[in-house]
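Presented below is the structure to which this report refers.
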Amino acid sequence: MLLKRLLIILPLLFITGLLQSFLWVPTYDKQATGNPERLRTYVEASIGDAKILNPILNADTASSGIVALVFDGLLDLDENLNLRGRLANDWQVAEEAYLLARPGMRLPNGSTANGEELIRQIRLALDSGNLPEIKKNLREMRVLPPATHTVKIALPEKSTGERPPKIREMEITIRRPERIAFSLREVDQDFFTRLKPVVGQGYFDNFPYEQYLVAPRVPQRLETLRSRLAQVLPVGEHNPVILFHLRPGVRFHDGHEFDAGDVKFTYDAVMNPKNLSPRTSDFEPIKEIQIVDRHTVRVIYKRLYSPAIYSWTIGILPQHLLNDQALQKEMEGRDLSAEARAVFGMRDSEFNRRPIGTGPFRFAEWQTDEFIHLTRNDAYWEGAPEYADYFFRIIPDLLTQEVEFRTGAIDFYGALPHQVTRYKKDEAYQSFSSLGFGYTYIGYNNRKPLFADPRVRRALGMAINVDEIIKYLLYGEGKQVTGPFPQNTEWYNPEVQPLPYDPEGARRMLEALGWKTNTEGWLEKDGKVFEFNLITNSGNPVRKNIMTIVQNAWKKIGIKCNTQYFEWAVFLKDFINTASFDATVLGWSMGIDPDIYQIFHSSQSGPQQLNFVGYNNPVADELILRIRKEYSRDRQRQLTHELHRVIADDQPYTFLFVGLSTRVLDKKIVIVERAPDGKERYVKIYPTKGGNITYYFNKWRKLEFTPDF
Amino acid sequence: MLSFLTRSLVQRLFLLVIISVIAHSVVHLAPGEPSQVDPSNPRMKPEDIARIRAAFHLDAPLYLQYAYWLRDLFSGELKSFKDSQPVLPKIARRFLNSLPLFLCATLIVWSLSFPTGIHAALRRGSLYDRTTTFTAYTLISIPGFFLSYLAILWVVDTFNVPVIGMKTFGMENAQPAYRWMDRVWHLVVPSLMSAVGGIAILSRYVRS
């Protein structure tokens, strides 16, 4: 009997033993049970692992997230998306401008345009108050003696037959005449235009470069050469200059002090072709970087390009760990094959798997496909973060991520559109919705006669109910957009009204343009039905559904639209890059700067270029160029608002919507503010203007209880 | 008894060999091959691919490749393509993870199936017998992975406790008692779930 009892009781005890462990496990509400350090640990999940933890080499979101915590840039963006200093304490933007003397030319007053005379004439004009803007802006001017320049120019060879011409690099030596150097307080893109009354209206045209050529003596194809030389050695040259004052006393995680050499080194590393940096084009406008002293760097740009300053948000690399000697030493210390040695460079360095920067967190450990672990940098120049540990877990399955989030094993979850309402209502979490920096649109091939008239494009847009698309496709998680700039930047013009949803009005507009309804109910003009193909890439359900919705909307006003989707590579190669499409549903994700040259300037509508819809408006072109040359934020904003209106009037795209992304956080995470006496005050986490909730991440901490706000 | 043991052991070994041969051929029948590790990498030159092919004997006939594979497996030379770590320790690690799970599940199966089965056999045709028979057949018919999924979601949604993995992430620095209990808890749901099917089947045998 005893044995029988035991046989029942022992298993029951065993199962109870198993089940009682439930009482010891941390739950979402009591995460610190037996594990107080959980409150000082932040755990985030990602579907993919990072690839390369080096600010100049990474190109994926996972890596950039980690890099942003380990490295600091010279600058970054503050709550209002303005630039603020990080490793740079402060910075000034000025300009150096150069004017070529033209000894063969006469100035309007009859004197020869050599250096001395030019300066004399400009001084006279300044003194008589004729050039007030220049007088205010000019710091000094002086004559530079003639000098010899050797430049490399890539020229296309004469094309033979159908094949595209080969590009040949040519070395050209030119002995240029005297130059006047102007040092300006502020960048002024109209500086040379303002000088025209003094130097003459035609001073900047037709410079006789051939007279100054040293080699080759007898230039072939002078016209092409002249236009290229005018770019390399223009009569009037703008060189914007940024002077960075670096923060003294900042140390890398290994204790080495950060200084100007690291800044120059980072730039050199980006530009080194061996490193294959994806950021090269951002730094291409730089002419030269000068180290003025240990904590001052002067960056000189080749031409006016105001968005270039944003590239200095890039993380600064430690020179002492990655320069040629360090790499050489690493290579010798490792067991590598001869081939590997021959190509060994920064890309191959172990640094990319255990980076060292100046940022708020130091790198601790990387378990491939499992997690990346960072620890607090107690010596961070801005004060150590509240969190002691940061974990970046790799969880490829979104459902697993959600499950882990709901049990408190992850602190952050990016909700999918259909989950947003549920999480917003849930009292246990805090959620934040913010606009992204991209938008979805329908682009019309403006070159096609069917779409050439802006009124037709407007009518097509008026037939589409964007509110409905947002409501049913995005579960309400989106906002309608009216133009080319991200809605949460100041470049977006909030006064531009969206197209009204008015299918009847759209039909009347088309009828006024000569389109008549035929017997089958389609719109027809000159015997041709209003019919075109709408395409998009496969693998994006939202775009596919947009196609169906607008197809139906257009059918209602008598427009026949056929839809098709293609695999991404085919879609780009056969349709977009060659501009052989009628209309397409696509999206852009925009940067923070106001430069939309590549997407909307008419010069960018060739094969493989981004203005594939072929938008061409000289007014917009001029505005786009002025914006990228403008260094004053206020003037830039006026120009972008104007450009926004011009593009909205032309409707090269039907602008649809920008999606909202919703992030859900553990409600016990707060911003901790410390008073000077050490007392803590808790503030609810809030998003900044650009929708960034992690802006105050260094002040975040998890509390043991749920705070009441 | 001894002859029974040897016979089933030999049978099992034979089965293992056949499975390994089939698995090996299935891998080779699938499109793509290991030398195309990184097709989008522009730095991958034909010479590199040739080197990889040679290093992994990819040009040798299939039976030779199989022989190489066996040799490397038993000499401990076989390495994972993913991270170049030896395979045997990896298998050992996973085996050690599964062992406690298996032990727990078996204990639960044996300790629960007998009472329920005997009880049902003593009262054949009673309400209790019919309910357990119905439940048993339901549990046998529902795929285990699906049931486990539902169980995970239910536990997470009702109790807000972690169930995924061997332990809760971030418990490394907790007090030892909590750390141990956390490990035990992570055994509970999976071992119960893998026991469920076993109980359903074994209790029917016991009843019969």
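Each chain of the structure tokens is named A, B, ... in the order shown, its residues numbered from 1; ligands are numbered from 1 in display order.
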
Could you build a table of the residues in chain A lying no more than 7 Å from chain B, giving for each the nearest pair of atoms and their separation in Å rounded to one decimal place, using only C-alpha atoms, ordered by chain and ascending residue number, as a tab-separated table?
```
residue	atom	partner	partner_atom	distance
A:Pro11	CA	B:Ser111	CA	5.6
A:Leu18	CA	B:Val188	CA	6.2
A:Leu19	CA	B:Val188	CA	6.8
A:Ser21	CA	B:Met181	CA	5.1
A:Phe22	CA	B:Trp185	CA	5.8
A:Trp24	CA	B:Tyr178	CA	5.9
A:Val25	CA	B:Asp182	CA	5.3
A:Pro26	CA	B:Val161	CA	6.5
A:Thr27	CA	B:Val161	CA	4.6
A:Tyr28	CA	B:Asn160	CA	5.5
A:Gly34	CA	B:Gln175	CA	5.7
A:Asn35	CA	B:Ala174	CA	4.2
A:Arg38	CA	B:Gly170	CA	6.7
A:Val403	CA	B:Val156	CA	6.7
A:Glu404	CA	B:Pro162	CA	6.5
A:Arg406	CA	B:Asn160	CA	6.2
A:Thr407	CA	B:Asn160	CA	4.6
A:Ala409	CA	B:Phe169	CA	6.0
```

Could you take the residues named above and write them with C-alpha atoms, as a PDB file, in the first residue's frame?
```pdb
ATOM      1  CA  PRO A  11       5.149  12.071  -9.275  1.00  0.00           C
ATOM      2  CA  LEU A  18       8.286  21.948 -11.510  1.00  0.00           C
ATOM      3  CA  LEU A  19       5.230  24.168 -11.360  1.00  0.00           C
ATOM      4  CA  SER A  21       9.187  27.551 -10.256  1.00  0.00           C
ATOM      5  CA  PHE A  22       6.538  29.802 -11.760  1.00  0.00           C
ATOM      6  CA  TRP A  24      10.219  32.682  -8.944  1.00  0.00           C
ATOM      7  CA  VAL A  25      10.191  33.860 -12.538  1.00  0.00           C
ATOM      8  CA  PRO A  26      10.212  37.573 -13.340  1.00  0.00           C
ATOM      9  CA  THR A  27       6.918  38.740 -14.817  1.00  0.00           C
ATOM     10  CA  TYR A  28       6.294  41.822 -16.896  1.00  0.00           C
ATOM     11  CA  GLY A  34      15.745  38.618  -7.608  1.00  0.00           C
ATOM     12  CA  ASN A  35      17.463  40.535 -10.393  1.00  0.00           C
ATOM     13  CA  ARG A  38      17.368  44.339 -14.866  1.00  0.00           C
ATOM     14  CA  VAL A 403       6.011  37.384 -27.035  1.00  0.00           C
ATOM     15  CA  GLU A 404       9.325  38.369 -25.457  1.00  0.00           C
ATOM     16  CA  ARG A 406       5.014  41.118 -23.421  1.00  0.00           C
ATOM     17  CA  THR A 407       6.907  39.173 -20.787  1.00  0.00           C
ATOM     18  CA  ALA A 409      12.396  40.154 -21.805  1.00  0.00           C
TER      19      ALA A 409
END
```

For the alpha helix (DSSP H) assignment from backbone DSSP, which residues of region 36-112 of chain B qualify? Please present them as a tab-separated table (two decimals) with N, CA, C and O atoms, in the first residue's frame.
```
chain	number	residue	atom	x	y	z
B	46	PRO	N	36.36	34.29	-59.24
B	46	PRO	CA	36.32	32.88	-59.62
B	46	PRO	C	37.39	32.05	-58.92
B	46	PRO	O	37.14	30.90	-58.52
B	47	GLU	N	38.57	32.65	-58.70
B	47	GLU	CA	39.63	31.89	-58.03
B	47	GLU	C	39.20	31.52	-56.60
B	47	GLU	O	39.48	30.42	-56.12
B	48	ASP	N	38.53	32.48	-55.95
B	48	ASP	CA	38.08	32.21	-54.59
B	48	ASP	C	37.13	31.02	-54.57
B	48	ASP	O	37.23	30.13	-53.72
B	49	ILE	N	36.21	31.04	-55.55
B	49	ILE	CA	35.23	29.96	-55.61
B	49	ILE	C	35.94	28.63	-55.85
B	49	ILE	O	35.65	27.63	-55.19
B	50	ALA	N	36.91	28.65	-56.76
B	50	ALA	CA	37.67	27.43	-57.04
B	50	ALA	C	38.35	26.95	-55.77
B	50	ALA	O	38.38	25.75	-55.47
B	51	ARG	N	38.89	27.91	-55.00
B	51	ARG	CA	39.59	27.54	-53.76
B	51	ARG	C	38.61	26.88	-52.79
B	51	ARG	O	38.92	25.87	-52.16
B	52	ILE	N	37.43	27.49	-52.68
B	52	ILE	CA	36.43	26.93	-51.77
B	52	ILE	C	36.04	25.52	-52.23
B	52	ILE	O	35.97	24.59	-51.41
B	53	ARG	N	35.84	25.37	-53.54
B	53	ARG	CA	35.45	24.06	-54.07
B	53	ARG	C	36.48	23.01	-53.71
B	53	ARG	O	36.16	21.90	-53.28
B	54	ALA	N	37.75	23.37	-53.88
B	54	ALA	CA	38.81	22.41	-53.59
B	54	ALA	C	38.84	22.09	-52.10
B	54	ALA	O	38.92	20.93	-51.70
B	55	ALA	N	38.73	23.14	-51.28
B	55	ALA	CA	38.84	22.94	-49.84
B	55	ALA	C	37.74	22.02	-49.31
B	55	ALA	O	37.95	21.26	-48.37
B	62	LEU	N	30.09	12.02	-55.46
B	62	LEU	CA	29.24	12.09	-54.27
B	62	LEU	C	29.63	11.10	-53.18
B	62	LEU	O	29.68	11.46	-52.02
B	63	TYR	N	29.93	9.82	-53.59
B	63	TYR	CA	30.23	8.82	-52.54
B	63	TYR	C	31.50	9.17	-51.80
B	63	TYR	O	31.63	8.97	-50.60
B	64	LEU	N	32.45	9.77	-52.55
B	64	LEU	CA	33.68	10.19	-51.88
B	64	LEU	C	33.39	11.33	-50.90
B	64	LEU	O	33.92	11.36	-49.79
B	65	GLN	N	32.54	12.25	-51.37
B	65	GLN	CA	32.17	13.36	-50.48
B	65	GLN	C	31.55	12.83	-49.20
B	65	GLN	O	31.80	13.33	-48.11
B	66	TYR	N	30.75	11.79	-49.35
B	66	TYR	CA	30.11	11.18	-48.18
B	66	TYR	C	31.17	10.58	-47.25
B	66	TYR	O	31.12	10.76	-46.03
B	67	ALA	N	32.14	9.92	-47.87
B	67	ALA	CA	33.22	9.31	-47.07
B	67	ALA	C	34.00	10.39	-46.32
B	67	ALA	O	34.26	10.26	-45.11
B	68	TYR	N	34.34	11.47	-47.02
B	68	TYR	CA	35.05	12.58	-46.37
B	68	TYR	C	34.24	13.09	-45.20
B	68	TYR	O	34.77	13.37	-44.12
B	69	TRP	N	32.94	13.21	-45.43
B	69	TRP	CA	32.07	13.76	-44.39
B	69	TRP	C	32.10	12.87	-43.15
B	69	TRP	O	32.25	13.35	-42.02
B	70	LEU	N	31.99	11.53	-43.36
B	70	LEU	CA	32.03	10.59	-42.24
B	70	LEU	C	33.33	10.70	-41.49
B	70	LEU	O	33.37	10.79	-40.25
B	71	ARG	N	34.45	10.75	-42.29
B	71	ARG	CA	35.77	10.81	-41.69
B	71	ARG	C	35.87	12.06	-40.80
B	71	ARG	O	36.28	11.99	-39.64
B	72	ASP	N	35.46	13.22	-41.39
B	72	ASP	CA	35.58	14.47	-40.65
B	72	ASP	C	34.70	14.49	-39.41
B	72	ASP	O	35.08	15.02	-38.38
B	73	LEU	N	33.52	13.88	-39.54
B	73	LEU	CA	32.60	13.89	-38.41
B	73	LEU	C	33.22	13.14	-37.23
B	73	LEU	O	33.23	13.64	-36.10
B	74	PHE	N	33.81	11.96	-37.52
B	74	PHE	CA	34.31	11.16	-36.40
B	74	PHE	C	35.66	11.64	-35.91
B	74	PHE	O	36.02	11.41	-34.76
B	75	SER	N	36.43	12.31	-36.78
B	75	SER	CA	37.71	12.83	-36.31
B	75	SER	C	37.51	14.19	-35.63
B	75	SER	O	38.46	14.78	-35.16
B	87	VAL	N	31.70	20.82	-35.30
B	87	VAL	CA	30.30	20.45	-35.21
B	87	VAL	C	30.00	19.59	-33.98
B	87	VAL	O	28.99	19.77	-33.31
B	88	LEU	N	30.94	18.67	-33.65
B	88	LEU	CA	30.65	17.73	-32.56
B	88	LEU	C	30.30	18.42	-31.24
B	88	LEU	O	29.30	18.09	-30.62
B	89	PRO	N	31.13	19.40	-30.81
B	89	PRO	CA	30.74	20.08	-29.56
B	89	PRO	C	29.38	20.76	-29.67
B	89	PRO	O	28.64	20.82	-28.69
B	90	LYS	N	29.08	21.25	-30.87
B	90	LYS	CA	27.77	21.89	-31.05
B	90	LYS	C	26.65	20.89	-30.81
B	90	LYS	O	25.66	21.19	-30.14
B	91	ILE	N	26.84	19.68	-31.38
B	91	ILE	CA	25.82	18.64	-31.19
B	91	ILE	C	25.73	18.31	-29.71
B	91	ILE	O	24.65	18.20	-29.13
B	92	ALA	N	26.90	18.19	-29.07
B	92	ALA	CA	26.92	17.84	-27.65
B	92	ALA	C	26.15	18.88	-26.84
B	92	ALA	O	25.36	18.54	-25.96
B	93	ARG	N	26.39	20.16	-27.16
B	93	ARG	CA	25.72	21.22	-26.43
B	93	ARG	C	24.20	21.09	-26.56
B	93	ARG	O	23.46	21.17	-25.58
B	94	ARG	N	23.76	20.87	-27.80
B	94	ARG	CA	22.32	20.76	-28.01
B	94	ARG	C	21.76	19.51	-27.33
B	94	ARG	O	20.65	19.52	-26.82
B	95	PHE	N	22.57	18.45	-27.35
B	95	PHE	CA	22.13	17.22	-26.70
B	95	PHE	C	21.93	17.46	-25.21
B	95	PHE	O	20.93	17.05	-24.63
B	96	LEU	N	22.87	18.19	-24.61
B	96	LEU	CA	22.76	18.48	-23.18
B	96	LEU	C	21.54	19.35	-22.90
B	96	LEU	O	20.95	19.28	-21.83
B	97	ASN	N	21.18	20.20	-23.87
B	97	ASN	CA	19.97	21.01	-23.69
B	97	ASN	C	18.72	20.14	-23.71
B	97	ASN	O	17.77	20.37	-22.97
B	98	SER	N	18.74	19.15	-24.59
B	98	SER	CA	17.52	18.34	-24.76
B	98	SER	C	17.37	17.29	-23.67
B	98	SER	O	16.26	16.86	-23.39
B	99	LEU	N	18.50	16.88	-23.06
B	99	LEU	CA	18.45	15.77	-22.11
B	99	LEU	C	17.50	16.03	-20.93
B	99	LEU	O	16.61	15.22	-20.67
B	100	PRO	N	17.68	17.16	-20.20
B	100	PRO	CA	16.75	17.39	-19.08
B	100	PRO	C	15.30	17.47	-19.53
B	100	PRO	O	14.41	16.96	-18.85
B	101	LEU	N	15.10	18.04	-20.70
B	101	LEU	CA	13.75	18.15	-21.24
B	101	LEU	C	13.17	16.76	-21.44
B	101	LEU	O	12.04	16.47	-21.03
B	102	PHE	N	13.96	15.90	-22.02
B	102	PHE	CA	13.51	14.54	-22.30
B	102	PHE	C	13.21	13.80	-21.00
B	102	PHE	O	12.18	13.15	-20.86
B	103	LEU	N	14.12	13.95	-20.02
B	103	LEU	CA	13.93	13.27	-18.73
B	103	LEU	C	12.64	13.73	-18.06
B	103	LEU	O	11.82	12.91	-17.62
B	104	CYS	N	12.44	15.04	-18.01
B	104	CYS	CA	11.24	15.58	-17.38
B	104	CYS	C	10.00	15.05	-18.07
B	104	CYS	O	9.06	14.59	-17.42
B	105	ALA	N	10.02	15.14	-19.40
B	105	ALA	CA	8.84	14.74	-20.16
B	105	ALA	C	8.54	13.27	-19.89
B	105	ALA	O	7.38	12.91	-19.63
B	106	THR	N	9.56	12.41	-19.90
B	106	THR	CA	9.32	10.98	-19.69
B	106	THR	C	8.76	10.73	-18.30
B	106	THR	O	7.80	9.96	-18.13
B	107	LEU	N	9.33	11.40	-17.30
B	107	LEU	CA	8.82	11.23	-15.94
B	107	LEU	C	7.35	11.61	-15.86
B	107	LEU	O	6.55	10.89	-15.25
B	108	ILE	N	7.02	12.71	-16.49
B	108	ILE	CA	5.62	13.16	-16.44
B	108	ILE	C	4.73	12.15	-17.16
B	108	ILE	O	3.67	11.75	-16.66
B	109	VAL	N	5.19	11.69	-18.32
B	109	VAL	CA	4.38	10.74	-19.10
B	109	VAL	C	4.09	9.50	-18.26
B	109	VAL	O	2.93	9.10	-18.08
B	110	TRP	N	5.14	8.93	-17.70
B	110	TRP	CA	4.96	7.68	-16.95
B	110	TRP	C	4.15	7.87	-15.70
B	110	TRP	O	3.32	7.03	-15.35
B	111	SER	N	4.37	8.98	-15.02
B	111	SER	CA	3.66	9.13	-13.76
B	111	SER	C	2.19	9.51	-13.96
B	111	SER	O	1.38	9.28	-13.09
B	112	LEU	N	1.85	10.10	-15.08
B	112	LEU	CA	0.46	10.49	-15.28
B	112	LEU	C	-0.35	9.45	-16.07
B	112	LEU	O	-1.53	9.27	-15.82
```

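The two atoms in question, CA of Val151 (chain A) and CA of Val232 (chain A), are spaced 7.8 Å apart.
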
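Proximity to Tyr429 (chain A) was assessed for A:Asp411, A:Asp76, A:Glu116, A:Asp254 counting only C-alpha atoms; the smallest distance is recorded for A:Asp411.
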
Long-range neighbours of Gly476 (chain A) as a PyMOL selection string, 10 Å cut-off, only C-alpha atoms, 3 positions minimum in chain: chain A and resi 417-418+420-421+467-473+479+659-660

From A:Asn377, A:Ser337, A:Asn545, A:Asn54, residue lying nearest Ala364 (chain A) [only C-alpha atoms]: A:Asn377

Hey, which bits of region 246-290 of chain A sit within 12 Å of region 56-66 of chain A, and for each residue what's the closest pair of atoms and how far apart in Å (one decimal), counting only C-alpha atoms, rows by chain and increasing number, as CSV?
```
residue,atom,partner,partner_atom,distance
A:Phe265,CA,A:Ile56,CA,11.2
A:Thr266,CA,A:Ile56,CA,7.7
A:Tyr267,CA,A:Ile56,CA,9.0
A:Asp268,CA,A:Ile56,CA,10.5
A:Ala269,CA,A:Ile56,CA,7.7
A:Val270,CA,A:Ile56,CA,6.1
A:Met271,CA,A:Ile56,CA,9.8
A:Asn272,CA,A:Ile56,CA,10.8
A:Pro273,CA,A:Leu57,CA,11.9
A:Lys274,CA,A:Leu57,CA,11.4
A:Asn275,CA,A:Leu57,CA,7.7
A:Leu276,CA,A:Leu57,CA,7.6
A:Ser277,CA,A:Leu57,CA,5.1
A:Pro278,CA,A:Leu57,CA,6.3
A:Arg279,CA,A:Ile56,CA,6.4
A:Thr280,CA,A:Ile56,CA,8.7
A:Ser281,CA,A:Ile56,CA,11.7
A:Asp282,CA,A:Ile56,CA,10.8
A:Phe283,CA,A:Ile56,CA,10.9
```

May I have the residues from that selection written out with N, CA, C and O atoms, as a compact mmCIF listing (two decimals), in the first residue's frame?
```txt
# COMPACT_ATOMS: atom_id res chain seq x y z
N PHE A 265 41.58 61.91 -40.24
CA PHE A 265 41.74 60.49 -40.55
C PHE A 265 40.43 59.87 -41.03
O PHE A 265 40.39 59.10 -41.98
N THR A 266 39.33 60.23 -40.34
CA THR A 266 38.03 59.68 -40.73
C THR A 266 37.69 60.07 -42.16
O THR A 266 37.25 59.25 -42.97
N TYR A 267 37.95 61.35 -42.49
CA TYR A 267 37.69 61.81 -43.86
C TYR A 267 38.57 61.03 -44.85
O TYR A 267 38.09 60.53 -45.87
N ASP A 268 39.85 60.92 -44.54
CA ASP A 268 40.75 60.20 -45.46
C ASP A 268 40.30 58.76 -45.64
O ASP A 268 40.38 58.21 -46.74
N ALA A 269 39.82 58.14 -44.56
CA ALA A 269 39.39 56.74 -44.65
C ALA A 269 38.16 56.61 -45.54
O ALA A 269 38.05 55.66 -46.31
N VAL A 270 37.24 57.58 -45.44
CA VAL A 270 36.06 57.52 -46.30
C VAL A 270 36.48 57.63 -47.76
O VAL A 270 35.97 56.93 -48.62
N MET A 271 37.43 58.52 -48.04
CA MET A 271 37.80 58.78 -49.43
C MET A 271 38.77 57.73 -49.99
O MET A 271 38.98 57.68 -51.19
N ASN A 272 39.36 56.92 -49.13
CA ASN A 272 40.32 55.91 -49.59
C ASN A 272 39.58 54.84 -50.42
O ASN A 272 38.75 54.11 -49.88
N PRO A 273 39.89 54.76 -51.72
CA PRO A 273 39.13 53.83 -52.58
C PRO A 273 39.22 52.38 -52.11
O PRO A 273 38.32 51.59 -52.35
N LYS A 274 40.28 52.04 -51.41
CA LYS A 274 40.46 50.67 -50.95
C LYS A 274 39.40 50.27 -49.92
O LYS A 274 39.05 49.10 -49.80
N ASN A 275 38.88 51.26 -49.19
CA ASN A 275 37.92 50.94 -48.14
C ASN A 275 36.50 50.74 -48.67
O ASN A 275 35.64 50.29 -47.93
N LEU A 276 36.26 51.11 -49.91
CA LEU A 276 34.93 50.96 -50.51
C LEU A 276 33.85 51.50 -49.58
O LEU A 276 32.86 50.83 -49.30
N SER A 277 34.04 52.71 -49.07
CA SER A 277 33.05 53.26 -48.16
C SER A 277 31.79 53.67 -48.90
O SER A 277 31.86 54.34 -49.93
N PRO A 278 30.61 53.29 -48.39
CA PRO A 278 29.37 53.71 -49.04
C PRO A 278 29.08 55.19 -48.81
O PRO A 278 28.11 55.72 -49.34
N ARG A 279 29.90 55.88 -48.02
CA ARG A 279 29.64 57.28 -47.71
C ARG A 279 30.48 58.24 -48.55
O ARG A 279 30.48 59.44 -48.30
N THR A 280 31.23 57.72 -49.52
CA THR A 280 32.16 58.56 -50.28
C THR A 280 31.48 59.78 -50.89
O THR A 280 32.01 60.89 -50.82
N SER A 281 30.29 59.59 -51.49
CA SER A 281 29.68 60.72 -52.20
C SER A 281 29.31 61.86 -51.25
O SER A 281 29.27 63.01 -51.64
N ASP A 282 29.06 61.55 -49.97
CA ASP A 282 28.75 62.60 -49.01
C ASP A 282 29.95 63.53 -48.78
O ASP A 282 29.79 64.68 -48.42
N PHE A 283 31.15 62.98 -48.92
CA PHE A 283 32.34 63.76 -48.60
C PHE A 283 33.08 64.25 -49.85
O PHE A 283 34.07 64.94 -49.74
```

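Atom to atom, CA of Phe612 (chain A) and CA of Phe571 (chain A) stand 12.6 Å apart.
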
8 Å contact set for region 630-644 of chain A, only C-alpha atoms, chain neighbours under 4 positions out, as a PyMOL selection string: chain A and resi 187-189+304-306+483-485+490-493+496+594+620+623-624+626+648

Residue contacts of Ile442 (chain A) (10 Å, only C-alpha atoms) excluding same-chain residues fewer than 3 positions away, as a list of chain:residue names: A:Asn445, A:Leu460, A:Gly461, A:Leu534, A:Ile535, A:Thr536, A:Arg543, A:Ile546, A:Met547, A:Val550, A:Ala583, A:Thr584, A:Val585, A:Leu586, A:Gly587, A:Gln651, A:Pro652, A:Tyr653, A:Thr654, A:Phe655, A:Leu656

Write the residues you've just listed into a file as a short mmCIF file (atom, residue, chain, number, x, y, z; two decimals), in the first residue's frame, and include N, CA, C and O atoms for each of them.
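The resulting out.cif:
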```
data_model
loop_
_atom_site.label_atom_id
_atom_site.label_comp_id
_atom_site.auth_asym_id
_atom_site.auth_seq_id
_atom_site.Cartn_x
_atom_site.Cartn_y
_atom_site.Cartn_z
N ASN A 445 4.98 59.13 -66.06
CA ASN A 445 6.05 59.41 -67.00
C ASN A 445 5.71 60.68 -67.76
O ASN A 445 4.96 60.67 -68.72
N LEU A 460 -6.09 63.08 -62.61
CA LEU A 460 -5.87 61.70 -62.16
C LEU A 460 -5.79 61.65 -60.63
O LEU A 460 -6.33 60.75 -59.99
N GLY A 461 -5.11 62.66 -60.06
CA GLY A 461 -4.97 62.70 -58.61
C GLY A 461 -6.29 62.96 -57.92
O GLY A 461 -6.56 62.41 -56.85
N LEU A 534 -0.09 50.72 -65.13
CA LEU A 534 0.42 51.14 -63.83
C LEU A 534 1.22 49.96 -63.28
O LEU A 534 0.70 48.86 -63.20
N ILE A 535 2.49 50.21 -62.91
CA ILE A 535 3.31 49.08 -62.45
C ILE A 535 3.91 49.37 -61.09
O ILE A 535 4.00 50.52 -60.66
N THR A 536 4.32 48.31 -60.42
CA THR A 536 5.10 48.47 -59.20
C THR A 536 5.92 47.22 -58.98
O THR A 536 5.87 46.28 -59.79
N ARG A 543 1.75 48.58 -51.78
CA ARG A 543 1.78 49.15 -53.14
C ARG A 543 0.86 48.38 -54.07
O ARG A 543 0.19 48.96 -54.92
N ILE A 546 -2.59 49.47 -53.42
CA ILE A 546 -2.83 50.82 -53.94
C ILE A 546 -3.18 50.72 -55.42
O ILE A 546 -4.11 51.39 -55.90
N MET A 547 -2.45 49.85 -56.15
CA MET A 547 -2.72 49.71 -57.58
C MET A 547 -4.17 49.32 -57.82
O MET A 547 -4.85 49.88 -58.69
N VAL A 550 -6.55 52.38 -56.99
CA VAL A 550 -6.59 53.49 -57.94
C VAL A 550 -7.09 53.01 -59.31
O VAL A 550 -7.74 53.76 -60.03
N ALA A 583 3.09 54.68 -65.71
CA ALA A 583 2.93 55.21 -64.36
C ALA A 583 3.36 54.12 -63.38
O ALA A 583 3.29 52.94 -63.70
N THR A 584 3.82 54.54 -62.21
CA THR A 584 4.32 53.57 -61.25
C THR A 584 3.99 53.99 -59.82
O THR A 584 3.95 55.18 -59.52
N VAL A 585 3.74 53.01 -58.99
CA VAL A 585 3.54 53.29 -57.56
C VAL A 585 4.87 53.02 -56.87
O VAL A 585 5.40 51.92 -56.97
N LEU A 586 5.43 54.04 -56.22
CA LEU A 586 6.72 53.86 -55.56
C LEU A 586 6.79 54.73 -54.32
O LEU A 586 5.85 55.46 -54.02
N GLY A 587 7.92 54.66 -53.63
CA GLY A 587 8.08 55.49 -52.45
C GLY A 587 9.50 55.99 -52.35
O GLY A 587 10.42 55.39 -52.91
N GLN A 651 2.21 68.61 -60.19
CA GLN A 651 1.78 67.22 -59.96
C GLN A 651 2.54 66.19 -60.83
O GLN A 651 1.91 65.37 -61.49
N PRO A 652 3.88 66.21 -60.83
CA PRO A 652 4.57 65.15 -61.57
C PRO A 652 4.25 63.79 -60.95
O PRO A 652 4.29 62.77 -61.63
N TYR A 653 3.99 63.79 -59.67
CA TYR A 653 3.53 62.62 -58.94
C TYR A 653 2.15 62.96 -58.40
O TYR A 653 1.85 64.13 -58.17
N THR A 654 1.36 61.92 -58.13
CA THR A 654 0.26 62.11 -57.19
C THR A 654 0.85 61.72 -55.85
O THR A 654 1.17 60.56 -55.61
N PHE A 655 1.07 62.72 -54.99
CA PHE A 655 1.65 62.43 -53.68
C PHE A 655 0.58 61.77 -52.82
O PHE A 655 -0.53 62.29 -52.73
N LEU A 656 0.90 60.62 -52.22
CA LEU A 656 -0.14 59.91 -51.47
C LEU A 656 -0.01 60.12 -49.97
O LEU A 656 -0.67 60.98 -49.41
#
```
